[in-house]
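What follows is target_2.cif (mmCIF, C-alpha atoms).
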```
data_target
#
loop_
_atom_site.group_PDB
_atom_site.id
_atom_site.type_symbol
_atom_site.label_atom_id
_atom_site.label_comp_id
_atom_site.auth_asym_id
_atom_site.auth_seq_id
_atom_site.Cartn_x
_atom_site.Cartn_y
_atom_site.Cartn_z
ATOM 1 C CA MET S 1 2.001 50.844 51.745
ATOM 2 C CA SER S 2 2.586 48.907 54.905
ATOM 3 C CA THR S 3 6.081 47.509 55.238
ATOM 4 C CA GLU S 4 4.604 44.595 57.204
ATOM 5 C CA ARG S 5 2.756 43.231 54.179
ATOM 6 C CA ARG S 6 4.378 39.975 53.065
ATOM 7 C CA SER S 7 1.744 38.557 50.750
ATOM 8 C CA SER S 8 0.095 39.783 47.558
ATOM 9 C CA PHE S 9 -3.284 38.789 48.951
ATOM 10 C CA GLU S 10 -5.602 40.474 51.391
ATOM 11 C CA ALA S 11 -4.928 38.294 54.411
ATOM 12 C CA GLY S 12 -7.768 36.628 56.287
ATOM 13 C CA THR S 13 -10.349 36.449 53.497
ATOM 14 C CA THR S 14 -11.999 33.292 52.164
ATOM 15 C CA LEU S 15 -10.223 33.709 48.811
ATOM 16 C CA TRP S 16 -6.900 34.103 50.631
ATOM 17 C CA LEU S 17 -7.494 30.860 52.537
ATOM 18 C CA LEU S 18 -8.719 28.959 49.452
ATOM 19 C CA GLN S 19 -5.626 30.063 47.524
ATOM 20 C CA ARG S 20 -3.480 28.406 50.204
ATOM 21 C CA VAL S 21 -5.633 25.285 50.609
ATOM 22 C CA THR S 22 -5.545 24.694 46.832
ATOM 23 C CA ALA S 23 -1.770 25.411 46.891
ATOM 24 C CA VAL S 24 -1.169 22.550 49.350
ATOM 25 C CA PHE S 25 -3.307 20.196 47.229
ATOM 26 C CA LEU S 26 -1.615 21.320 43.978
ATOM 27 C CA VAL S 27 1.917 20.791 45.326
ATOM 28 C CA VAL S 28 1.053 17.090 45.510
ATOM 29 C CA THR S 29 -1.167 16.701 42.421
ATOM 30 C CA LEU S 30 0.994 18.770 40.022
ATOM 31 C CA ALA S 31 4.118 16.865 41.082
ATOM 32 C CA PHE S 32 2.191 13.567 40.677
ATOM 33 C CA HIS S 33 0.895 14.584 37.212
ATOM 34 C CA PHE S 34 4.404 15.489 36.006
ATOM 35 C CA PHE S 35 5.975 12.392 37.529
ATOM 36 C CA LEU S 36 3.403 9.995 36.083
ATOM 37 C CA LEU S 37 3.370 11.420 32.549
ATOM 38 C CA HIS S 38 7.019 12.400 32.069
ATOM 39 C CA TYR S 39 9.091 10.039 34.232
ATOM 40 C CA TRP S 40 7.089 6.905 35.096
ATOM 41 C CA ASN S 41 5.644 6.919 31.558
ATOM 42 C CA HIS S 42 7.385 8.900 28.839
ATOM 43 C CA ALA S 43 5.124 11.560 27.329
ATOM 44 C CA ALA S 44 5.960 10.271 23.832
ATOM 45 C CA GLU S 45 4.497 6.869 24.729
ATOM 46 C CA VAL S 46 1.105 8.137 25.919
ATOM 47 C CA THR S 47 -1.692 6.434 23.967
ATOM 48 C CA PHE S 48 -5.470 6.497 24.167
ATOM 49 C CA THR S 49 -5.542 2.905 25.435
ATOM 50 C CA VAL S 50 -3.313 3.690 28.429
ATOM 51 C CA SER S 51 -5.023 7.035 29.182
ATOM 52 C CA ASN S 52 -8.401 5.285 28.976
ATOM 53 C CA GLU S 53 -7.193 2.579 31.389
ATOM 54 C CA ARG S 54 -6.130 5.243 33.926
ATOM 55 C CA MET S 55 -9.282 7.358 33.579
ATOM 56 C CA THR S 56 -11.644 4.414 34.096
ATOM 57 C CA ALA S 57 -10.254 4.007 37.632
ATOM 58 C CA PRO S 58 -12.613 6.143 39.781
ATOM 59 C CA ALA S 59 -9.805 7.244 42.168
ATOM 60 C CA TYR S 60 -7.728 8.573 39.241
ATOM 61 C CA TYR S 61 -10.731 10.167 37.492
ATOM 62 C CA PHE S 62 -11.878 12.057 40.603
ATOM 63 C CA THR S 63 -8.313 13.047 41.551
ATOM 64 C CA MET S 64 -7.893 14.545 38.056
ATOM 65 C CA LEU S 65 -11.214 16.421 38.354
ATOM 66 C CA ALA S 66 -10.172 17.812 41.758
ATOM 67 C CA PHE S 67 -6.791 18.722 40.213
ATOM 68 C CA LEU S 68 -8.563 20.544 37.360
ATOM 69 C CA VAL S 69 -10.874 22.500 39.674
ATOM 70 C CA ALA S 70 -8.095 23.375 42.163
ATOM 71 C CA ALA S 71 -5.642 24.426 39.419
ATOM 72 C CA THR S 72 -8.278 26.546 37.663
ATOM 73 C CA PHE S 73 -9.318 28.289 40.882
ATOM 74 C CA HIS S 74 -5.705 28.843 41.974
ATOM 75 C CA GLY S 75 -4.681 30.187 38.553
ATOM 76 C CA VAL S 76 -7.700 32.397 37.933
ATOM 77 C CA ASN S 77 -7.695 33.763 41.496
ATOM 78 C CA GLY S 78 -3.945 34.370 41.186
ATOM 79 C CA VAL S 79 -4.420 36.347 37.972
ATOM 80 C CA TYR S 80 -7.237 38.374 39.575
ATOM 81 C CA ASN S 81 -5.048 39.228 42.571
ATOM 82 C CA ALA S 82 -2.131 40.142 40.292
ATOM 83 C CA LEU S 83 -4.394 42.578 38.422
ATOM 84 C CA VAL S 84 -5.739 44.069 41.665
ATOM 85 C CA ASN S 85 -2.132 44.443 42.902
ATOM 86 C CA GLN S 86 -1.301 46.375 39.743
ATOM 87 C CA GLY S 87 -3.983 48.845 40.759
ATOM 88 C CA LEU S 88 -7.057 47.670 38.832
ATOM 89 C CA THR S 89 -10.174 49.253 40.373
ATOM 90 C CA GLY S 90 -13.815 50.077 39.648
ATOM 91 C CA THR S 91 -15.504 48.859 36.469
ATOM 92 C CA PRO S 92 -12.337 47.343 34.883
ATOM 93 C CA ARG S 93 -11.826 45.342 38.085
ATOM 94 C CA ARG S 94 -15.423 44.057 38.025
ATOM 95 C CA ALA S 95 -15.139 43.274 34.300
ATOM 96 C CA ALA S 96 -11.874 41.368 34.870
ATOM 97 C CA LYS S 97 -13.466 39.445 37.736
ATOM 98 C CA TRP S 98 -16.441 38.237 35.684
ATOM 99 C CA LEU S 99 -14.308 37.542 32.626
ATOM 100 C CA LEU S 100 -12.072 35.338 34.797
ATOM 101 C CA VAL S 101 -15.093 33.614 36.378
ATOM 102 C CA VAL S 102 -16.509 32.802 32.919
ATOM 103 C CA ALA S 103 -13.091 31.635 31.630
ATOM 104 C CA GLY S 104 -12.594 29.485 34.746
ATOM 105 C CA VAL S 105 -16.014 27.824 34.446
ATOM 106 C CA ALA S 106 -15.431 27.244 30.709
ATOM 107 C CA VAL S 107 -12.069 25.530 31.234
ATOM 108 C CA VAL S 108 -13.497 23.321 34.004
ATOM 109 C CA VAL S 109 -16.494 22.299 31.830
ATOM 110 C CA GLN S 110 -14.190 21.572 28.877
ATOM 111 C CA GLY S 111 -11.726 19.726 31.130
ATOM 112 C CA VAL S 112 -14.538 17.494 32.414
ATOM 113 C CA ARG S 113 -15.527 16.772 28.785
ATOM 114 C CA VAL S 114 -11.928 15.733 28.053
ATOM 115 C CA ALA S 115 -11.809 13.520 31.167
ATOM 116 C CA ASN S 116 -15.152 11.916 30.210
ATOM 117 C CA ALA S 117 -13.969 11.262 26.668
ATOM 118 C CA LEU S 118 -10.809 9.628 27.987
ATOM 119 C CA ALA S 119 -12.836 7.570 30.468
ATOM 120 C CA GLY S 120 -15.220 6.558 27.661
ATOM 121 C CA VAL S 121 -18.355 7.950 29.382
ATOM 122 C CA MET L 1 11.150 39.367 66.046
ATOM 123 C CA SER L 2 11.791 40.100 62.408
ATOM 124 C CA GLN L 3 12.651 43.570 61.224
ATOM 125 C CA SER L 4 10.790 45.169 58.373
ATOM 126 C CA TYR L 5 12.206 47.517 55.765
ATOM 127 C CA ASP L 6 10.454 49.928 53.451
ATOM 128 C CA ARG L 7 11.796 48.861 50.072
ATOM 129 C CA GLY L 8 9.092 50.634 48.084
ATOM 130 C CA LEU L 9 6.610 49.079 45.678
ATOM 131 C CA VAL L 10 7.575 45.745 44.141
ATOM 132 C CA GLU L 11 4.903 46.465 41.489
ATOM 133 C CA ASP L 12 7.202 49.239 40.221
ATOM 134 C CA PHE L 13 9.157 46.915 37.901
ATOM 135 C CA GLY L 14 11.250 49.803 36.498
ATOM 136 C CA ARG L 15 13.422 49.853 39.608
ATOM 137 C CA TRP L 16 14.357 46.144 39.301
ATOM 138 C CA ARG L 17 18.042 46.904 39.867
ATOM 139 C CA GLU L 18 17.218 47.744 43.506
ATOM 140 C CA PHE L 19 15.181 44.557 44.100
ATOM 141 C CA SER L 20 16.067 42.335 47.057
ATOM 142 C CA ALA L 21 15.887 38.503 47.100
ATOM 143 C CA GLY L 22 12.306 38.503 48.385
ATOM 144 C CA MET L 23 11.197 40.876 45.631
ATOM 145 C CA TRP L 24 12.782 38.660 42.960
ATOM 146 C CA ALA L 25 10.989 35.692 44.528
ATOM 147 C CA TRP L 26 7.689 37.604 44.320
ATOM 148 C CA LEU L 27 8.346 38.538 40.675
ATOM 149 C CA LEU L 28 9.396 35.012 39.635
ATOM 150 C CA HIS L 29 6.413 33.481 41.431
ATOM 151 C CA LYS L 30 4.117 35.845 39.539
ATOM 152 C CA PHE L 31 5.803 35.172 36.183
ATOM 153 C CA THR L 32 5.730 31.373 36.628
ATOM 154 C CA GLY L 33 2.089 31.636 37.768
ATOM 155 C CA TRP L 34 1.113 33.447 34.547
ATOM 156 C CA VAL L 35 2.914 30.784 32.485
ATOM 157 C CA LEU L 36 1.224 27.926 34.358
ATOM 158 C CA VAL L 37 -2.306 29.341 34.077
ATOM 159 C CA GLY L 38 -1.657 30.028 30.380
ATOM 160 C CA TYR L 39 -0.484 26.449 29.967
ATOM 161 C CA LEU L 40 -3.561 25.061 31.775
ATOM 162 C CA PHE L 41 -5.888 26.728 29.247
ATOM 163 C CA THR L 42 -3.665 25.653 26.317
ATOM 164 C CA HIS L 43 -3.412 22.084 27.635
ATOM 165 C CA ILE L 44 -7.193 21.673 27.877
ATOM 166 C CA ALA L 45 -7.658 23.317 24.454
ATOM 167 C CA VAL L 46 -5.127 21.011 22.756
ATOM 168 C CA LEU L 47 -6.565 17.874 24.399
ATOM 169 C CA SER L 48 -10.062 19.023 23.346
ATOM 170 C CA THR L 49 -9.019 18.891 19.689
ATOM 171 C CA ALA L 50 -7.906 15.279 20.133
ATOM 172 C CA ILE L 51 -10.861 13.524 21.785
ATOM 173 C CA ARG L 52 -12.922 12.764 18.672
ATOM 174 C CA ASP L 53 -11.637 9.187 18.814
ATOM 175 C CA GLY L 54 -8.794 7.198 20.293
ATOM 176 C CA GLU L 55 -6.668 7.226 17.167
ATOM 177 C CA VAL L 56 -6.763 11.040 16.865
ATOM 178 C CA TYR L 57 -5.725 11.320 20.534
ATOM 179 C CA THR L 58 -2.738 8.979 20.143
ATOM 180 C CA ASP L 59 -1.684 10.622 16.843
ATOM 181 C CA THR L 60 -1.944 14.143 18.309
ATOM 182 C CA ILE L 61 0.248 13.285 21.286
ATOM 183 C CA SER L 62 2.853 11.331 19.330
ATOM 184 C CA GLY L 63 2.865 14.094 16.684
ATOM 185 C CA LEU L 64 3.559 16.803 19.273
ATOM 186 C CA GLU L 65 6.087 14.683 21.163
ATOM 187 C CA GLY L 66 7.883 13.986 17.892
ATOM 188 C CA LEU L 67 8.871 17.657 17.635
ATOM 189 C CA LEU L 68 12.151 18.594 19.307
ATOM 190 C CA VAL L 69 10.894 22.126 20.004
ATOM 191 C CA VAL L 70 8.015 20.646 22.067
ATOM 192 C CA ARG L 71 10.541 18.675 24.140
ATOM 193 C CA PHE L 72 12.476 21.886 24.891
ATOM 194 C CA LEU L 73 9.244 23.711 25.753
ATOM 195 C CA GLU L 74 8.408 20.858 28.155
ATOM 196 C CA VAL L 75 11.771 21.305 29.892
ATOM 197 C CA GLY L 76 10.882 25.006 30.245
ATOM 198 C CA LEU L 77 7.465 24.080 31.633
ATOM 199 C CA LEU L 78 9.130 21.724 34.118
ATOM 200 C CA ALA L 79 11.438 24.538 35.300
ATOM 201 C CA VAL L 80 8.482 26.882 35.722
ATOM 202 C CA ALA L 81 6.368 24.279 37.560
ATOM 203 C CA VAL L 82 9.149 23.107 39.891
ATOM 204 C CA PHE L 83 10.099 26.664 40.857
ATOM 205 C CA HIS L 84 6.437 27.605 41.455
ATOM 206 C CA ILE L 85 5.963 24.505 43.644
ATOM 207 C CA LEU L 86 9.149 25.021 45.701
ATOM 208 C CA ASN L 87 8.712 28.761 46.105
ATOM 209 C CA GLY L 88 5.031 28.126 46.850
ATOM 210 C CA VAL L 89 5.996 25.829 49.747
ATOM 211 C CA ARG L 90 8.373 28.591 50.895
ATOM 212 C CA LEU L 91 5.485 31.099 50.781
ATOM 213 C CA LEU L 92 3.217 28.778 52.780
ATOM 214 C CA PHE L 93 5.884 28.647 55.498
ATOM 215 C CA VAL L 94 6.348 32.433 55.347
ATOM 216 C CA ASP L 95 2.558 32.836 55.764
ATOM 217 C CA LEU L 96 2.759 30.610 58.834
ATOM 218 C CA GLY L 97 5.567 32.811 60.142
ATOM 219 C CA VAL L 98 8.086 29.958 59.878
ATOM 220 C CA GLY L 99 11.561 30.746 58.580
ATOM 221 C CA LEU L 100 10.995 34.474 58.088
ATOM 222 C CA GLU L 101 14.618 35.235 58.960
ATOM 223 C CA GLN L 102 15.809 32.771 56.310
ATOM 224 C CA GLN L 103 13.344 33.750 53.562
ATOM 225 C CA ASP L 104 16.146 34.974 51.288
ATOM 226 C CA LYS L 105 18.139 31.766 51.779
ATOM 227 C CA SER L 106 15.049 29.599 51.130
ATOM 228 C CA PHE L 107 14.499 31.540 47.872
ATOM 229 C CA TYR L 108 18.066 30.765 46.760
ATOM 230 C CA ALA L 109 17.508 27.134 47.794
ATOM 231 C CA SER L 110 14.344 27.035 45.622
ATOM 232 C CA LEU L 111 16.381 28.262 42.652
ATOM 233 C CA VAL L 112 19.225 25.790 43.197
ATOM 234 C CA VAL L 113 16.911 22.779 43.681
ATOM 235 C CA THR L 114 14.849 23.812 40.621
ATOM 236 C CA GLY L 115 18.056 24.013 38.569
ATOM 237 C CA ALA L 116 19.241 20.614 39.795
ATOM 238 C CA ILE L 117 15.907 18.866 39.067
ATOM 239 C CA VAL L 118 15.649 20.459 35.599
ATOM 240 C CA VAL L 119 19.230 19.604 34.596
ATOM 241 C CA ALA L 120 18.812 16.020 35.862
ATOM 242 C CA SER L 121 15.557 15.703 33.862
ATOM 243 C CA VAL L 122 16.897 16.917 30.507
ATOM 244 C CA PRO L 123 17.959 13.418 29.306
ATOM 245 C CA THR L 124 14.518 11.983 30.166
ATOM 246 C CA PHE L 125 12.628 14.832 28.505
ATOM 247 C CA LEU L 126 14.746 14.942 25.347
ATOM 248 C CA GLY L 127 15.058 11.140 25.150
ATOM 249 C CA GLY L 128 12.449 8.754 23.767
ATOM 250 C CA LYS L 129 11.172 8.495 20.228
ATOM 251 C CA LEU L 130 11.315 11.647 18.065
ATOM 252 C CA ALA L 131 9.658 11.992 14.645
#
```
Could I get this structure in the form of structure tokens?
Amino acid sequence: MSTERRSSFEAGTTLWLLQRVTAVFLVVTLAFHFFLLHYWNHAAEVTFTVSNERMTAPAYYFTMLAFLVAATFHGVNGVYNALVNQGLTGTPRRAAKWLLVVAGVAVVVQGVRVANALAGV
Amino acid sequence: MSQSYDRGLVEDFGRWREFSAGMWAWLLHKFTGWVLVGYLFTHIAVLSTAIRDGEVYTDTISGLEGLLVVRFLEVGLLAVAVFHILNGVRLLFVDLGVGLEQQDKSFYASLVVTGAIVVASVPTFLGGKLA
């Protein structure tokens, strides 16, 4: 193993870059999500009426969808890279990849359904 | 120019006693990442059970928030998220080659700031109406 390697990811690939681009976006959106729903509003006081009010604002709705897609990609790609780092190769690696792709698509589809229900569409 | 050292495989968790600051950072980033991706799937699943109508949604959230154990779990989630964010910013700088010489100090700073934010947030998270 090279002693120069600093990152768990194969540097210079599209996935490597996307992991970092989504990271920058998630630093802001995850902090915003926590701040809004735990400090600005207390989590215990969240109601459908207030969630519905937020979700009907297009800027909030689309920010949340981008947050969902970025978080899912970043998480699923992170898990895949962790498995590859542990030495997963061949058929198990391909199986893990497609399982993660299916799980990622499923959570995005379901997340959009939740957002739509909250927005009343 | 930074020096590099052959510290062996960080994936070899059994030799954790020999780990350096950077290796602990790597391990904690991985652990908090697993927790966060697990939470994302759980979060969407729980919300999905509550979207039948507005009343079910409000009742589900107030029911969960009424449990003290949920409040403690949320403090844990906050700790995990804040560390992953701060160490993630540290990693972005490391990838850019900025602050390589101070990467151990920036890891300790991530831990200290995470601890401070979490401790300061405990009253907010545990406060509010319980069941």
(request) Write out as a PyMOL selection string the residues lying within 6 Å of stretch 10-27 of chain S, counting all atoms listed in the file and excluding same-chain residues fewer than 2 positions away. (result) (chain S and resi 29-30+70+74) or (chain L and resi 85)
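If you look at atom CA of L:Ala116 and atom CA of L:Phe83, they are 11.0 Å away from each other.
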(message) When you look at L:Ala81 with a cut-off of 12 Å (counting all atoms listed in the file), what residues show up, excluding the ones that are within fewer than 6 positions of it in the same chain? I need them as a VMD selection string.
(response) (chain S and resid 26 to 35) or (chain L and resid 28 to 37 39 to 40 74 to 75 87 to 88 110 to 111 114 to 115 117 to 118)
(request) Considering all atoms listed in the file, return as a PyMOL selection string whatever protein or nucleic-acid residues lie within 12 Å of stretch 67-69 of chain L, sequence-local ones (same chain, fewer than 6 positions apart) excluded. (result) (chain S and resi 44) or (chain L and resi 60-61+75-76+125-131)
(request) Run the PyMOL selection byres ((chain L) within 6 of (chain S)) against the file shown and list the residues it catches, as a ChimeraX atom specification. (result) /L:6,37,44,54,58,62,65,85
(message) Please expand the PyMOL selection byres ((chain L and resi 94) around 12) into the concrete residues it hits in this file, giving the result as a count of residues only.
(response) 25
(message) One decimal, in Å: what's the spacing between atom CA of S:Thr63 and atom CA of L:Ala120?
(response) 27.9 Å
(request) Measure the distance from atom CA of L:Leu86 to atom CA of L:Trp26 in Å and round it to one decimal. (result)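 Computing the Euclidean distance for atom CA of L:Leu86 and atom CA of L:Trp26 yields 12.7 Å.
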Report, as JSON, the axis-aligned box around all atoms of stretch 96-110 of chain S present in the file, extended by 8 Å on each side; give centre and edge lengths in Å to one decimal place.
```
{"center_x": -14.2, "center_y": 31.5, "center_z": 33.3, "size_x": 20.6, "size_y": 35.8, "size_z": 24.9}
```
(request) Would you mind listing what lies within 7 Å of S:Met55 as a PyMOL selection string, with only C-alpha atoms counted and same-chain residues fewer than 5 positions away left out? (result) chain S and resi 60-61+118-119
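Ranking S:Asn41, S:Leu36, S:Ala96, S:Val109 by their shortest atom-to-atom distance to S:Asn77, with all atoms listed in the file included, puts S:Ala96 first.
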